[in-house]
$ cat model-v8.cif   # mmCIF, C-alpha atoms
data_protein
#
loop_
_atom_site.label_atom_id
_atom_site.label_comp_id
_atom_site.auth_asym_id
_atom_site.auth_seq_id
_atom_site.Cartn_x
_atom_site.Cartn_y
_atom_site.Cartn_z
CA MET L 18 -21.39 -70.04 -9.95
CA ARG L 19 -18.72 -68.91 -7.56
CA ALA L 20 -16.57 -71.44 -5.73
CA ILE L 21 -17.54 -69.79 -2.44
CA ASP L 22 -21.25 -70.59 -3.13
CA ALA L 23 -20.39 -74.27 -3.50
CA GLY L 24 -18.57 -74.22 -0.16
CA ILE L 25 -15.21 -74.46 -1.90
CA LEU L 26 -12.27 -72.24 -1.05
CA VAL L 27 -9.34 -71.61 -3.38
CA CYS L 28 -5.88 -71.69 -1.82
CA PRO L 29 -4.29 -68.25 -2.29
CA GLU L 30 -0.86 -69.72 -2.95
CA CYS L 31 -1.19 -72.97 -4.89
CA HIS L 32 -4.78 -72.56 -6.14
CA GLN L 33 -5.81 -75.98 -4.81
CA LEU L 34 -9.53 -76.30 -4.09
CA ASN L 35 -10.45 -76.98 -0.49
CA ARG L 36 -13.85 -77.88 0.90
CA ARG L 37 -14.99 -75.50 3.59
CA GLU L 38 -15.45 -77.17 6.94
CA GLU L 39 -18.26 -76.28 9.33
CA ASN L 40 -17.42 -73.97 12.23
CA HIS L 41 -13.82 -73.76 11.08
CA ASP L 42 -12.38 -70.39 10.25
CA GLY L 43 -8.66 -70.88 9.78
CA LEU L 44 -8.50 -73.65 7.20
CA GLN L 45 -5.14 -75.00 6.00
CA CYS L 46 -4.66 -75.95 2.37
CA VAL L 47 -4.57 -79.74 1.96
CA ARG L 48 -1.79 -79.44 -0.61
CA CYS L 49 0.64 -76.70 0.43
CA GLY L 50 -0.38 -75.90 4.01
CA ALA L 51 -1.06 -72.19 3.44
CA ARG L 52 -3.91 -70.52 5.33
CA VAL L 53 -7.03 -70.47 3.20
CA HIS L 54 -9.74 -67.83 3.46
CA ALA L 55 -12.76 -67.29 1.24
CA ARG L 56 -11.48 -63.76 0.60
CA HIS L 57 -8.29 -62.08 1.81
CA PRO L 58 -9.05 -61.06 5.40
CA ASN L 59 -9.74 -57.35 5.80
CA SER L 60 -8.62 -56.74 2.23
CA LEU L 61 -10.25 -53.32 1.86
CA GLY L 62 -8.97 -51.95 5.17
CA ARG L 63 -5.39 -53.06 4.57
CA THR L 64 -5.36 -51.77 1.03
CA TRP L 65 -6.74 -48.38 2.12
CA ALA L 66 -4.08 -48.10 4.85
CA LEU L 67 -1.22 -48.84 2.45
CA LEU L 68 -2.70 -46.59 -0.20
CA LEU L 69 -3.12 -43.59 2.10
CA THR L 70 0.43 -43.94 3.43
CA ALA L 71 1.69 -44.06 -0.14
CA ALA L 72 -0.38 -40.98 -1.03
CA ILE L 73 1.17 -38.99 1.84
CA LEU L 74 4.71 -40.01 0.89
CA TYR L 75 3.94 -39.18 -2.73
CA ILE L 76 4.28 -35.48 -1.85
CA PRO L 77 7.92 -35.52 -0.56
CA ALA L 78 8.77 -38.06 -3.27
CA ASN L 79 7.94 -35.48 -5.90
CA LEU L 80 9.07 -32.31 -4.15
CA LEU L 81 12.38 -33.37 -2.57
CA PRO L 82 15.47 -33.85 -4.75
CA ILE L 83 16.17 -37.51 -5.57
CA MET L 84 19.82 -36.94 -6.43
CA THR L 85 22.47 -34.24 -6.64
CA VAL L 86 24.74 -34.04 -9.66
CA SER L 87 27.83 -32.02 -8.80
CA ALA L 88 30.51 -30.99 -11.27
CA LEU L 89 33.62 -29.09 -10.15
CA GLY L 90 32.21 -28.59 -6.67
CA LYS L 91 28.98 -27.03 -7.94
CA GLY L 92 26.00 -29.17 -6.96
CA GLU L 93 22.66 -29.27 -8.71
CA PRO L 94 19.77 -31.09 -7.04
CA ASP L 95 17.43 -33.04 -9.32
CA THR L 96 13.81 -33.83 -8.57
CA ILE L 97 11.92 -36.47 -10.54
CA MET L 98 10.32 -33.86 -12.78
CA SER L 99 13.55 -31.92 -13.38
CA GLY L 100 15.21 -35.19 -14.47
CA VAL L 101 12.55 -35.61 -17.14
CA VAL L 102 12.92 -31.98 -18.23
CA ALA L 103 16.69 -32.43 -18.52
CA LEU L 104 16.19 -35.44 -20.79
CA VAL L 105 13.85 -33.42 -23.00
CA GLN L 106 16.40 -30.62 -23.22
CA MET L 107 19.08 -33.11 -24.22
CA GLY L 108 16.86 -34.04 -27.13
CA SER L 109 16.24 -37.66 -26.12
CA LEU L 110 12.45 -37.50 -26.25
CA PRO L 111 11.72 -41.28 -26.28
CA VAL L 112 13.77 -41.83 -23.13
CA ALA L 113 12.21 -38.77 -21.51
CA LEU L 114 8.82 -40.27 -22.30
CA VAL L 115 9.75 -43.65 -20.76
CA VAL L 116 10.98 -41.98 -17.57
CA PHE L 117 7.93 -39.70 -17.45
CA VAL L 118 5.57 -42.67 -17.78
CA ALA L 119 7.44 -44.85 -15.27
CA SER L 120 8.13 -42.19 -12.62
CA ILE L 121 5.22 -39.77 -12.81
CA LEU L 122 2.29 -41.21 -14.75
CA VAL L 123 2.37 -44.75 -13.32
CA PRO L 124 2.60 -43.88 -9.61
CA THR L 125 -0.16 -41.31 -10.00
CA PHE L 126 -2.32 -43.70 -12.00
CA LYS L 127 -1.77 -46.42 -9.39
CA LEU L 128 -2.81 -44.22 -6.49
CA VAL L 129 -5.96 -43.06 -8.29
CA GLY L 130 -6.69 -46.48 -9.82
CA ILE L 131 -6.50 -48.46 -6.58
CA ALA L 132 -8.64 -45.81 -4.85
CA LEU L 133 -11.24 -46.13 -7.64
CA LEU L 134 -11.25 -49.93 -7.32
CA LEU L 135 -11.75 -49.71 -3.56
CA ILE L 136 -14.55 -47.18 -3.86
CA SER L 137 -16.32 -49.08 -6.61
CA VAL L 138 -16.19 -52.31 -4.55
CA GLN L 139 -17.44 -50.54 -1.43
CA ARG L 140 -20.24 -48.72 -3.24
CA HIS L 141 -21.20 -51.73 -5.43
CA GLN L 142 -21.25 -49.67 -8.59
CA ALA L 143 -19.73 -47.55 -11.32
CA LEU L 144 -17.32 -49.40 -13.62
CA SER L 145 -18.20 -52.79 -15.06
CA ALA L 146 -16.43 -55.80 -13.60
CA ARG L 147 -14.50 -56.34 -16.81
CA GLN L 148 -13.21 -52.78 -16.86
CA ARG L 149 -12.19 -53.06 -13.23
CA ILE L 150 -10.36 -56.38 -13.63
CA LEU L 151 -8.46 -54.97 -16.60
CA MET L 152 -7.51 -51.95 -14.52
CA PHE L 153 -6.45 -54.17 -11.62
CA ARG L 154 -4.27 -56.35 -13.84
CA PHE L 155 -2.67 -53.33 -15.43
CA ILE L 156 -1.92 -51.81 -12.01
CA GLU L 157 -0.51 -55.10 -10.74
CA TRP L 158 1.68 -55.56 -13.80
CA ILE L 159 2.99 -52.02 -14.19
CA GLY L 160 3.76 -51.29 -10.53
CA ARG L 161 7.32 -52.57 -10.47
CA TRP L 162 8.33 -50.42 -13.47
CA SER L 163 8.25 -47.32 -11.30
CA MET L 164 11.46 -48.53 -9.66
CA LEU L 165 13.18 -47.42 -12.86
CA ASP L 166 14.37 -44.09 -11.45
CA ILE L 167 15.84 -45.78 -8.38
CA PHE L 168 17.96 -48.06 -10.58
CA VAL L 169 19.04 -45.08 -12.70
CA ILE L 170 20.24 -43.37 -9.53
CA ALA L 171 22.08 -46.54 -8.47
CA THR L 172 23.90 -46.78 -11.80
CA LEU L 173 24.77 -43.07 -11.91
CA VAL L 174 26.03 -43.01 -8.31
CA ALA L 175 28.38 -45.91 -9.07
CA VAL L 176 29.69 -44.74 -12.40
CA VAL L 177 29.86 -40.95 -11.98
CA ASN L 178 32.37 -41.03 -9.18
CA PHE L 179 35.30 -38.77 -10.00
CA GLY L 180 35.78 -37.10 -6.60
CA THR L 181 35.52 -33.31 -6.82
CA LEU L 182 35.53 -33.36 -10.61
CA ALA L 183 32.10 -34.89 -10.99
CA ARG L 184 29.91 -37.02 -8.76
CA VAL L 185 26.32 -38.04 -8.18
CA GLU L 186 24.81 -38.48 -4.74
CA PRO L 187 21.40 -39.86 -3.81
CA ASN L 188 19.02 -37.66 -1.79
CA LEU L 189 16.10 -38.17 0.55
CA GLY L 190 13.49 -37.87 -2.20
CA ALA L 191 14.70 -41.22 -3.56
CA VAL L 192 13.86 -42.93 -0.25
CA ALA L 193 10.35 -41.45 -0.29
CA PHE L 194 9.89 -42.43 -3.91
CA ALA L 195 11.04 -46.04 -3.41
CA THR L 196 8.73 -46.31 -0.41
CA VAL L 197 5.76 -45.08 -2.48
CA VAL L 198 6.49 -47.74 -5.12
CA ILE L 199 6.83 -50.52 -2.53
CA LEU L 200 3.65 -49.47 -0.69
CA THR L 201 1.56 -49.33 -3.86
CA MET L 202 2.89 -52.76 -4.90
CA LEU L 203 1.86 -54.11 -1.50
CA ALA L 204 -1.53 -52.43 -1.86
CA ALA L 205 -2.04 -54.29 -5.14
CA THR L 206 -1.30 -57.62 -3.41
CA THR L 207 -3.58 -57.03 -0.42
CA PHE L 208 -6.48 -56.08 -2.69
CA ASP L 209 -8.55 -59.18 -3.44
CA PRO L 210 -9.68 -59.07 -7.10
CA ARG L 211 -12.49 -61.55 -6.35
CA LEU L 212 -14.27 -58.73 -4.51
CA ILE L 213 -14.73 -57.04 -7.88
CA TRP L 214 -16.84 -59.96 -9.08
CA ASP L 215 -18.69 -60.56 -5.83
CA ASN L 216 -21.23 -57.82 -6.39
CA THR L 217 -21.88 -58.45 -10.06
CA GLU L 218 -24.74 -60.62 -11.25
CA SER L 219 -23.05 -61.77 -14.45
CA ASP L 220 -22.17 -65.21 -13.04
CA ASP L 221 -24.85 -67.07 -14.93
CA ASP L 222 -23.46 -66.48 -18.40
CA HIS L 223 -20.45 -68.64 -17.90
CA GLU L 224 -21.42 -71.98 -16.50
CA MET H 12 -33.47 -69.68 -11.52
CA HIS H 13 -33.19 -72.36 -14.14
CA ASP H 14 -29.56 -73.19 -13.61
CA SER H 15 -29.57 -73.39 -9.84
CA SER H 16 -29.87 -77.18 -10.05
CA ARG H 17 -26.86 -77.34 -12.35
CA SER H 18 -24.88 -75.13 -10.01
CA HIS H 19 -25.80 -77.45 -7.20
CA ASP H 20 -24.46 -80.40 -9.17
CA LEU H 21 -21.15 -78.64 -9.77
CA GLY H 22 -20.65 -78.25 -6.03
CA GLU H 23 -21.35 -81.94 -5.45
CA LEU H 24 -18.63 -83.14 -7.82
CA SER H 25 -15.30 -84.37 -6.52
CA LEU H 26 -12.75 -81.58 -6.11
CA ASP H 27 -10.26 -82.98 -8.60
CA LYS H 28 -12.83 -82.65 -11.39
CA LEU H 29 -13.18 -78.94 -10.68
CA VAL H 30 -11.14 -75.79 -11.02
CA ALA H 31 -11.87 -72.31 -9.70
CA CYS H 32 -10.51 -69.10 -11.14
CA HIS H 33 -8.03 -67.57 -8.74
CA GLU H 34 -8.97 -64.02 -9.73
CA CYS H 35 -12.76 -64.08 -9.93
CA ASP H 36 -13.73 -67.28 -8.03
CA LEU H 37 -15.74 -68.76 -10.93
CA LEU H 38 -16.15 -72.52 -10.46
CA MET H 39 -15.78 -74.73 -13.54
CA LEU H 40 -15.22 -78.28 -14.69
CA LYS H 41 -11.51 -78.90 -15.08
CA PRO H 42 -10.54 -79.03 -18.77
CA GLU H 43 -8.20 -81.70 -20.15
CA LEU H 44 -5.18 -80.07 -21.76
CA ALA H 45 -2.93 -81.41 -24.49
CA PRO H 46 0.78 -80.45 -24.47
CA SER H 47 1.41 -76.72 -25.05
CA GLU H 48 -2.26 -75.85 -24.54
CA ARG H 49 -3.46 -73.33 -21.99
CA ALA H 50 -6.81 -72.73 -20.31
CA GLU H 51 -8.28 -69.31 -19.57
CA CYS H 52 -11.14 -68.32 -17.32
CA PRO H 53 -14.18 -67.64 -19.56
CA ARG H 54 -15.38 -64.84 -17.32
CA CYS H 55 -12.31 -62.72 -16.58
CA GLY H 56 -9.67 -64.12 -18.96
CA PHE H 57 -7.13 -65.08 -16.26
CA GLU H 58 -4.82 -67.94 -17.27
CA LEU H 59 -5.92 -70.97 -15.26
CA PHE H 60 -3.06 -73.19 -16.31
CA SER H 61 -0.89 -74.18 -19.20
CA TYR H 62 0.69 -77.52 -19.96
CA GLN H 63 4.39 -77.41 -20.88
CA PRO H 64 5.87 -80.59 -22.37
CA HIS H 65 9.10 -81.81 -20.70
CA MET H 66 8.64 -79.12 -18.07
CA LEU H 67 11.06 -80.64 -15.55
CA GLY H 68 14.10 -81.16 -17.77
CA ARG H 69 13.78 -77.87 -19.61
CA SER H 70 13.26 -75.89 -16.41
CA LEU H 71 16.27 -77.54 -14.75
CA ALA H 72 18.47 -76.67 -17.71
CA LEU H 73 17.29 -73.05 -17.60
CA VAL H 74 17.75 -72.72 -13.82
CA ILE H 75 21.32 -73.98 -14.06
CA ALA H 76 22.06 -71.67 -16.99
CA ALA H 77 20.65 -68.72 -15.03
CA LEU H 78 22.72 -69.56 -11.93
CA LEU H 79 25.88 -69.76 -14.04
CA LEU H 80 25.14 -66.36 -15.57
CA TYR H 81 24.31 -64.82 -12.20
CA VAL H 82 27.92 -64.24 -11.06
CA PRO H 83 29.29 -62.58 -14.24
CA ALA H 84 26.10 -60.57 -14.66
CA ASN H 85 26.43 -59.05 -11.20
CA PHE H 86 30.19 -58.69 -10.82
CA LEU H 87 31.52 -57.88 -14.31
CA PRO H 88 31.49 -54.23 -15.43
CA ILE H 89 28.30 -53.06 -17.10
CA LEU H 90 29.43 -49.53 -17.92
CA GLN H 91 32.82 -47.83 -18.05
CA LEU H 92 33.11 -44.07 -17.96
CA ARG H 93 36.26 -42.09 -18.83
CA LEU H 94 36.66 -38.48 -17.83
CA LEU H 95 39.94 -36.56 -18.14
CA GLY H 96 42.06 -39.66 -17.89
CA GLN H 97 40.17 -41.21 -14.99
CA THR H 98 38.12 -44.37 -15.52
CA THR H 99 35.25 -45.61 -13.37
CA GLU H 100 33.36 -48.89 -13.65
CA ASP H 101 29.84 -49.87 -12.72
CA THR H 102 28.74 -53.38 -11.82
CA VAL H 103 25.42 -54.31 -10.24
CA TRP H 104 27.28 -55.01 -7.03
CA SER H 105 29.37 -51.80 -7.08
CA ALA H 106 26.17 -49.77 -7.52
CA VAL H 107 24.85 -51.29 -4.30
CA ALA H 108 28.17 -50.65 -2.55
CA ALA H 109 28.31 -47.02 -3.75
CA LEU H 110 24.77 -46.37 -2.51
CA TYR H 111 25.64 -47.94 0.82
CA GLU H 112 28.55 -45.56 1.26
CA SER H 113 26.31 -42.55 0.75
CA ASP H 114 24.18 -41.70 3.75
CA LEU H 115 21.06 -43.44 2.39
CA GLN H 116 21.60 -47.09 3.29
CA GLY H 117 17.88 -47.81 2.91
CA ILE H 118 18.05 -47.27 -0.84
CA ALA H 119 21.11 -49.53 -1.04
CA VAL H 120 19.14 -52.31 0.68
CA VAL H 121 16.16 -51.89 -1.69
CA VAL H 122 18.38 -51.94 -4.77
CA PHE H 123 20.33 -54.95 -3.45
CA LEU H 124 17.14 -56.92 -2.82
CA CYS H 125 15.45 -56.12 -6.13
CA SER H 126 18.48 -56.60 -8.36
CA MET H 127 20.59 -59.27 -6.62
CA GLY H 128 19.13 -60.79 -3.46
CA ILE H 129 15.64 -61.74 -4.54
CA PRO H 130 16.56 -62.87 -8.08
CA LEU H 131 19.13 -65.25 -6.53
CA LEU H 132 16.71 -66.52 -3.89
CA LYS H 133 14.10 -67.12 -6.59
CA LEU H 134 16.53 -69.17 -8.68
CA LEU H 135 17.65 -71.19 -5.66
CA CYS H 136 14.03 -71.91 -4.68
CA GLN H 137 13.28 -73.03 -8.22
CA LEU H 138 16.38 -75.24 -8.29
CA VAL H 139 15.54 -76.99 -5.01
CA VAL H 140 11.89 -77.44 -6.03
CA LEU H 141 12.84 -78.99 -9.37
CA LEU H 142 15.46 -81.25 -7.78
CA SER H 143 13.03 -82.41 -5.11
CA ILE H 144 10.59 -83.41 -7.86
CA ARG H 145 13.26 -85.10 -9.96
CA TRP H 146 14.88 -87.07 -7.11
CA ASP H 147 11.63 -87.53 -5.23
CA VAL H 148 13.04 -86.29 -1.91
CA GLY H 149 11.97 -83.60 0.54
CA ARG H 150 8.69 -82.69 -1.14
CA GLY H 151 7.51 -80.97 2.04
CA TYR H 152 10.42 -78.54 1.76
CA GLY H 153 9.71 -78.30 -1.96
CA LEU H 154 6.18 -77.12 -1.25
CA LEU H 155 7.38 -74.60 1.32
CA LEU H 156 10.09 -73.21 -1.00
CA TYR H 157 7.71 -73.00 -3.92
CA ARG H 158 5.32 -70.99 -1.75
CA ILE H 159 8.19 -68.66 -0.82
CA TYR H 160 9.07 -68.38 -4.51
CA HIS H 161 5.56 -67.15 -5.33
CA HIS H 162 5.77 -64.48 -2.65
CA LEU H 163 9.15 -63.28 -3.98
CA ARG H 164 8.15 -63.39 -7.61
CA GLU H 165 7.27 -59.83 -8.41
CA TRP H 166 10.02 -58.32 -6.22
CA GLY H 167 12.85 -59.46 -8.46
CA MET H 168 13.19 -56.64 -10.96
CA LEU H 169 15.89 -57.54 -13.46
CA GLU H 170 13.98 -56.17 -16.46
CA VAL H 171 13.35 -52.85 -14.72
CA TYR H 172 17.02 -52.68 -13.79
CA PHE H 173 17.96 -53.27 -17.41
CA MET H 174 15.72 -50.37 -18.43
CA GLY H 175 17.46 -48.27 -15.76
CA ILE H 176 20.84 -49.08 -17.31
CA LEU H 177 19.56 -47.96 -20.74
CA VAL H 178 18.26 -44.66 -19.34
CA SER H 179 21.60 -44.08 -17.57
CA ILE H 180 23.45 -44.71 -20.83
CA VAL H 181 21.38 -42.02 -22.56
CA LYS H 182 21.98 -39.60 -19.69
CA LEU H 183 25.74 -40.18 -19.72
CA LEU H 184 26.37 -40.27 -23.47
CA SER H 185 26.57 -36.50 -23.77
CA LEU H 186 28.71 -36.04 -20.67
CA ALA H 187 31.71 -38.27 -21.09
CA ASP H 188 33.39 -41.14 -22.88
CA LEU H 189 31.21 -44.18 -22.25
CA ALA H 190 31.79 -47.87 -22.98
CA VAL H 191 29.60 -50.88 -22.23
CA GLY H 192 31.22 -53.90 -20.61
CA THR H 193 30.83 -57.69 -20.81
CA GLY H 194 28.71 -57.59 -17.68
CA LEU H 195 25.90 -56.02 -19.67
CA ALA H 196 25.81 -58.95 -22.13
CA CYS H 197 25.71 -61.43 -19.22
CA PHE H 198 22.99 -59.38 -17.54
CA ILE H 199 20.82 -59.41 -20.67
CA CYS H 200 21.32 -63.20 -21.03
CA LEU H 201 20.39 -63.73 -17.37
CA LEU H 202 17.27 -61.63 -17.89
CA LEU H 203 16.20 -63.58 -20.99
CA VAL H 204 16.88 -66.99 -19.42
CA GLN H 205 14.91 -66.00 -16.35
CA VAL H 206 11.88 -64.86 -18.38
CA TRP H 207 12.03 -68.08 -20.41
CA LEU H 208 12.22 -70.09 -17.19
CA GLU H 209 9.12 -68.39 -15.78
CA ILE H 210 7.17 -69.34 -18.89
CA THR H 211 8.46 -72.92 -18.92
CA MET H 212 7.98 -73.71 -15.23
CA SER H 213 4.20 -73.91 -15.34
CA PRO H 214 3.01 -73.47 -11.70
CA HIS H 215 0.10 -75.87 -11.87
CA GLN H 216 2.35 -78.67 -13.16
CA VAL H 217 4.85 -78.01 -10.39
CA TRP H 218 2.17 -78.02 -7.66
CA GLU H 219 0.72 -81.26 -9.02
CA ALA H 220 4.13 -82.91 -9.18
CA LEU H 221 4.95 -81.82 -5.62
CA SER H 222 1.65 -83.06 -4.20
CA ARG H 223 1.76 -86.36 -6.10
CA GLY H 224 5.03 -87.21 -4.39
CA ARG H 225 3.61 -86.44 -0.98
CA ALA H 226 0.58 -88.64 -1.58
CA HIS H 227 2.92 -91.53 -2.39
CA ALA H 228 5.03 -90.91 0.66
CA SER H 229 2.07 -90.93 3.02
CA HIS H 230 0.81 -94.31 1.78
#

$ encode --input "model-v8.cif" --output "structure tokens"
Amino acid sequence: MRAIDAGILVCPECHQLNRREENHDGLQCVRCGARVHARHPNSLGRTWALLLTAAILYIPANLLPIMTVSALGKGEPDTIMSGVVALVQMGSLPVALVVFVASILVPTFKLVGIALLLISVQRHQALSARQRILMFRFIEWIGRWSMLDIFVIATLVAVVNFGTLARVEPNLGAVAFATVVILTMLAATTFDPRLIWDNTESDDDHE
Amino acid sequence: MHDSSRSHDLGELSLDKLVACHECDLLMLKPELAPSERAECPRCGFELFSYQPHMLGRSLALVIAALLLYVPANFLPILQLRLLGQTTEDTVWSAVAALYESDLQGIAVVVFLCSMGIPLLKLLCQLVVLLSIRWDVGRGYGLLLYRIYHHLREWGMLEVYFMGILVSIVKLLSLADLAVGTGLACFICLLLVQVWLEITMSPHQVWEALSRGRAHASH
């Protein structure tokens, strides 16, 4: 049985149970005072909006250079992909793999994964609830790791700073990329995982 | 259906005998936990709560340790690079400053928040919450700060930053003479203490402690 069927709402912040009151929409949690709703309000709409914005920014994030490495006055712009290729050429395959996963695979997987979750909730179908909750948890957990490249840029900009001899400068692609990561992280928080279970009938097995 | 009557009973019970899964909304009888035990939702596997023995004292010790490590971790050199007689240093703070001096201040703000600002705010929130429980004062503020802490939680990215330092080391090794500084050791310690703290400071115990105090105060 779901808590919502028993007229009980779970506080989104402290997880305290609250009894739903008649003709009362904006309930406040008895323990922590947060606003309590049965489900996040307009969860699907908000998540779609954030996701689509992220998908649009995903294009400049991958095409524009994220940083320029210049040595002896000769500058060489780096995109996300060219950074991975450079690591492969240097022979550090494991690190290249980590950067590839964090900067290319994860953002792409997140965009596709959240879209799949939204569609499957809206169409009441496809993947099983268990598969979807595993996917959601993975997306929620892995999201922050995409910031990796931004922190690499930060470290390189600070340490490779020898004037005209050698320097690293950040470029516009980094802004687009950081925004994509932040937007997809927000999309994971606005998505309400309880919606995944709302249209399954497997409740009865677990009482 | 045969179990509709049972379901009905569950809804009639008093709220403190029940627990609902935060991720899938399954309603259950609240289990009694012994020290160091944890309860998981039988349907989706989400951790409902865990019971940490001596939560308050251990968490306070870890928060203070983390705050002490915070300054050296952020302001002592993490990397030193030598090129043709010139030496440059990188600290967490100087990375933010260097980004700010380039024309992309937005990135500097993001890096500052994720690596310095939010981790510090999180620790301060945790400290005030724990002190308000221990000294039994200002529980209302404790509740508010603990709510803020939960919103900040995933935006502090020390472990990702650490990974970024490792990738930078690999990228720089072939280019120039590289040395790691004491700041890196402090940063790793801060990271470990902070992870340990998040495991120790069991949210459901903190919420219960905070609300217990308020119930006393209102009587």

$ atom_distance --input "model-v8.cif" --atom1 "CA of Thr70 in chain L" --atom2 "CA of Trp214 in chain L"
26.7 Å

$ interface_residues --input "model-v8.cif" --of "chain H" --to "chain L" --cutoff "6 Å" --atoms "only C-alpha atoms" --output "list in words"
Gly22, Glu34, Cys35, Asp36, Leu37, Leu38, Thr99, Glu100, Asp101, Ala106, Ala109, Leu154, Val171, Tyr172, Gly175 and Ser179 of chain H

$ residues_around --input "model-v8.cif" --residues "Leu71 in chain H" --least-positions-apart "3" --cutoff "12 Å" --atoms "only C-alpha atoms" --output "PDB file with C-alpha atoms, keeping the file's coordinate frame"
ATOM      1  CA  HIS H  65       9.100 -81.810 -20.700  1.00  0.00           C
ATOM      2  CA  MET H  66       8.640 -79.120 -18.070  1.00  0.00           C
ATOM      3  CA  LEU H  67      11.060 -80.640 -15.550  1.00  0.00           C
ATOM      4  CA  GLY H  68      14.100 -81.160 -17.770  1.00  0.00           C
ATOM      5  CA  VAL H  74      17.750 -72.720 -13.820  1.00  0.00           C
ATOM      6  CA  ILE H  75      21.320 -73.980 -14.060  1.00  0.00           C
ATOM      7  CA  ALA H  76      22.060 -71.670 -16.990  1.00  0.00           C
ATOM      8  CA  ALA H  77      20.650 -68.720 -15.030  1.00  0.00           C
ATOM      9  CA  LEU H  78      22.720 -69.560 -11.930  1.00  0.00           C
ATOM     10  CA  LEU H 134      16.530 -69.170  -8.680  1.00  0.00           C
ATOM     11  CA  LEU H 135      17.650 -71.190  -5.660  1.00  0.00           C
ATOM     12  CA  CYS H 136      14.030 -71.910  -4.680  1.00  0.00           C
ATOM     13  CA  GLN H 137      13.280 -73.030  -8.220  1.00  0.00           C
ATOM     14  CA  LEU H 138      16.380 -75.240  -8.290  1.00  0.00           C
ATOM     15  CA  VAL H 139      15.540 -76.990  -5.010  1.00  0.00           C
ATOM     16  CA  VAL H 140      11.890 -77.440  -6.030  1.00  0.00           C
ATOM     17  CA  LEU H 141      12.840 -78.990  -9.370  1.00  0.00           C
ATOM     18  CA  LEU H 142      15.460 -81.250  -7.780  1.00  0.00           C
ATOM     19  CA  SER H 143      13.030 -82.410  -5.110  1.00  0.00           C
ATOM     20  CA  ILE H 144      10.590 -83.410  -7.860  1.00  0.00           C
ATOM     21  CA  ARG H 145      13.260 -85.100  -9.960  1.00  0.00           C
ATOM     22  CA  VAL H 204      16.880 -66.990 -19.420  1.00  0.00           C
ATOM     23  CA  GLN H 205      14.910 -66.000 -16.350  1.00  0.00           C
ATOM     24  CA  TRP H 207      12.030 -68.080 -20.410  1.00  0.00           C
ATOM     25  CA  LEU H 208      12.220 -70.090 -17.190  1.00  0.00           C
ATOM     26  CA  GLU H 209       9.120 -68.390 -15.780  1.00  0.00           C
ATOM     27  CA  THR H 211       8.460 -72.920 -18.920  1.00  0.00           C
ATOM     28  CA  MET H 212       7.980 -73.710 -15.230  1.00  0.00           C
TER      29      MET H 212
END

$ resolve_selection --input "model-v8.cif" --expression "the PyMOL selection byres ((chain H and resi 46) around 12)" --output "number ranges by chain"
H: 43-45, 47-50, 60-66, 213, 216

$ atom_distance --input "model-v8.cif" --atom1 "CA of Ile159 in chain H" --atom2 "CA of Phe208 in chain L"
19.4 Å

$ closest_residue --input "model-v8.cif" --among "H:Gly151, H:Gly167, H:Pro53, H:Gly96" --to "Ile129 in chain H" --atoms "all atoms listed in the file"
H:Gly167

$ atom_distance --input "model-v8.cif" --atom1 "CA of Leu124 in chain H" --atom2 "CA of Leu110 in chain H"
13.0 Å

$ closest_residue --input "model-v8.cif" --among "L:Gln45, L:Ser120, L:Thr96, L:Thr201" --to "Ala132 in chain L" --atoms "all atoms listed in the file"
L:Thr201

$ closest_residue --input "model-v8.cif" --among "L:Val185, L:His141, L:Leu200, L:Gly180" --to "Ile83 in chain L" --atoms "all atoms listed in the file"
L:Val185

$ residues_around --input "model-v8.cif" --residues "range 184-186 of chain H" --least-positions-apart "6" --cutoff "10 Å" --atoms "only C-alpha atoms" --output "list in words"
Met107 of chain L; Leu92, Arg93 and Leu94 of chain H

$ axis_aligned_box --input "model-v8.cif" --around "range 28-36 of chain L" --padding-each-side "8 Å" --output "JSON"
{"center_x": -7.4, "center_y": -73.1, "center_z": -2.6, "size_x": 29.0, "size_y": 25.6, "size_z": 23.0}

$ closest_residue --input "model-v8.cif" --among "L:Leu61, L:Leu134, L:Ile156, L:Val101" --to "Ile121 in chain L" --atoms "all atoms listed in the file"
L:Val101

$ residues_around --input "model-v8.cif" --residues "Arg223 in chain H" --least-positions-apart "5" --cutoff "10 Å" --atoms "only C-alpha atoms" --output "JSON, numbers by chain"
{"L": [48], "H": [144, 147, 150, 217, 218, 228]}

$ residues_near_point --input "model-v8.cif" --point "(27.4, -32.0, -7.4)" --cutoff "9 Å" --atoms "all atoms listed in the file" --output "ChimeraX atom specification"
/L:85-94,181-186

$ closest_residue --input "model-v8.cif" --among "H:Val206, H:Leu221, H:Leu156, H:Leu189" --to "Ser70 in chain H" --atoms "only C-alpha atoms"
H:Val206

$ residues_around --input "model-v8.cif" --residues "Leu29 in chain H" --least-positions-apart "2" --cutoff "9 Å" --atoms "all atoms listed in the file" --output "PDB file with C-alpha atoms, in the coordinates of the input"
ATOM      1  CA  LEU L  34      -9.530 -76.300  -4.090  1.00  0.00           C
TER       2      LEU L  34
ATOM      3  CA  LEU H  21     -21.150 -78.640  -9.770  1.00  0.00           C
ATOM      4  CA  GLY H  22     -20.650 -78.250  -6.030  1.00  0.00           C
ATOM      5  CA  LEU H  24     -18.630 -83.140  -7.820  1.00  0.00           C
ATOM      6  CA  SER H  25     -15.300 -84.370  -6.520  1.00  0.00           C
ATOM      7  CA  LEU H  26     -12.750 -81.580  -6.110  1.00  0.00           C
ATOM      8  CA  ASP H  27     -10.260 -82.980  -8.600  1.00  0.00           C
ATOM      9  CA  ALA H  31     -11.870 -72.310  -9.700  1.00  0.00           C
ATOM     10  CA  LEU H  38     -16.150 -72.520 -10.460  1.00  0.00           C
ATOM     11  CA  MET H  39     -15.780 -74.730 -13.540  1.00  0.00           C
ATOM     12  CA  LEU H  40     -15.220 -78.280 -14.690  1.00  0.00           C
ATOM     13  CA  LYS H  41     -11.510 -78.900 -15.080  1.00  0.00           C
ATOM     14  CA  PRO H  42     -10.540 -79.030 -18.770  1.00  0.00           C
TER      15      PRO H  42
END
